[in-house]
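Participant: Sharing a structure here in C-alpha cells format.
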Amino acid sequence: MSCFDCFCGLFGAEDPKKKALKAAKAKLVEVIQAKSCGPILLRTAWHDAGTYDMANKSKGFPNSGGAIGSITTPHEINAPPNAGLKKALDVYLGPIKSELDAAGLHVSWADLIQLGGATAVECMGGPKIAMKYGRLDGIPTELAPPPFGLPDAFPDDPAAHVREVFYKYDNMTDEDIVALSGAHTVGRLF
C-alpha cells in the first residue's frame with residue numbers, strides 16, 4: 001500500500017467507478033495472458049466503435065453509433081462483419097462482466113469492450129492507450145443494416161472502399177487507414 005492509498009483511505013473509499021475499472025483491467029490482463037485472446041478483444045473493440053458515422057452526429061445518443069456496447073445486441077453480433085466476435089463476448093468478456101456485477105462493481109459493456117481492446121494492445125507489447133471511461137451502454141432505436149459502415153472483405157476497388165468507410169470518422173487520414181488496416185495482422189491462425 002502506498003502513502004497515497006493510505007492517505008486517501010483516511011478521507012473515504014476509492015471512487016467505485018475507478019475501483020471497478022481497475023478490477024476489470026486486472027481480470028482482462030489475466031484472461032489475455034492465459035488465453036492469448038488479445039487480437040479478438042481488439043477486433044471487438046474496433047467493431048463496436050466502428051459503427052460511428054459523423055454524418056449521424058445530429059441523431060444523438062445512441063443513434064450516432066460508436067463505442068456504446070451495441071455489438072452485444074443480436075442485430076450486430078450476428079451480422080456477417082462481426083463473424084467470430086460472439087466468442088469474445090461470451091467466453092472472454094461475459095464472465096468478467098458477470099463476476100464484476102456479482103461483486104457490486106459496475107462497468108458498462110461499452111467501457112469493458114473498449115478497456116479490453118486497450119488492455120489487449122498493452123499486453124501484446126503495444127503502447128498504453130490513454131482512454132476516458134464512463135460510457136453508457138446504448139441500443140440504437142434506428143437500426144442500421146449490416147455491415148454498419150464496417151469494411152467489406154472483397155470490394156471491387158479496395159483503396160476507394162476503405163477511404164469511403166473510414167473517412168466517415170472525424171479527421172481520419174490515409175496514414176490512419178493504413179495503420180488500422182495493418183492491425184488486422186495481429187493474431188494467430190487457429
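Ordering of the C-alpha cells sets the chain letters (A, B, ...); residue numbers start at 1 within each chain; ligands are numbered from 1 in the order shown.
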Write out as a PyMOL selection string each polymer residue whose atoms come within 12 Å of segment 162-167 of chain A, counting only C-alpha atoms; drop sequence neighbours fewer than 5 positions from it.
Facilitator: chain A and resi 46+49-55+147-157+172-181
Participant: Tell me, as a list in words, which residues lie within 9 Å of Asp48 of chain A, counting only C-alpha atoms; anything in the same chain fewer than 2 positions away does not count.
Facilitator: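 These residues fall inside the cut-off: Arg43, Thr44, Ala45, Trp46, Gly50, Thr51, Tyr52, Gly65, Gly66, Ala67, Ile68, Gly69, Ser70, Ile71, Thr72, Glu76, Ala110, Ile113 and Gln114 of chain A.
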Participant: Could you pull out the residues in chain A that DSSP calls helix (DSSP H, G or I) from the backbone, as a PyMOL selection string?
Facilitator: chain A and resi 3-10+16-35+38-49+54-59+70-72+74-77+80-82+86-102+109-123+158-166+174-185
Participant: Which of these, A:Pro140, A:Pro81, A:Pro16, A:Gly125, has the shortest distance to Asn56 of chain A once you count only C-alpha atoms?
Facilitator: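 Checking each candidate against Asn56 of chain A, we get A:Pro140 as the closest.
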Participant: Can you tell me, as an MDAnalysis selection string, what residues are no more than 9 Å from Gly187 of chain A when counting only C-alpha atoms, ignoring any on the same chain fewer than 3 positions away?
Facilitator: chainID A and resid 36:40 184
Participant: Can you work out the spacing between atom CA of Ala23 of chain A and atom CA of Asp111 of chain A in Å, to one decimal?
Facilitator: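 Separation between atom CA of Ala23 of chain A and atom CA of Asp111 of chain A: 12.7 Å.
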Participant: What does the distance between atom CA of Ala13 of chain A and atom CA of Leu100 of chain A come to in Å, to one decimal place?
Facilitator: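 Rounded to one decimal, the two atoms are 17.8 Å apart.
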Participant: Work out how far apart atom CA of Ala20 of chain A and atom CA of Leu89 of chain A are and give it in Å to one decimal.
Facilitator: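 Atom-to-atom, atom CA of Ala20 of chain A and atom CA of Leu89 of chain A are spaced 18.4 Å apart.
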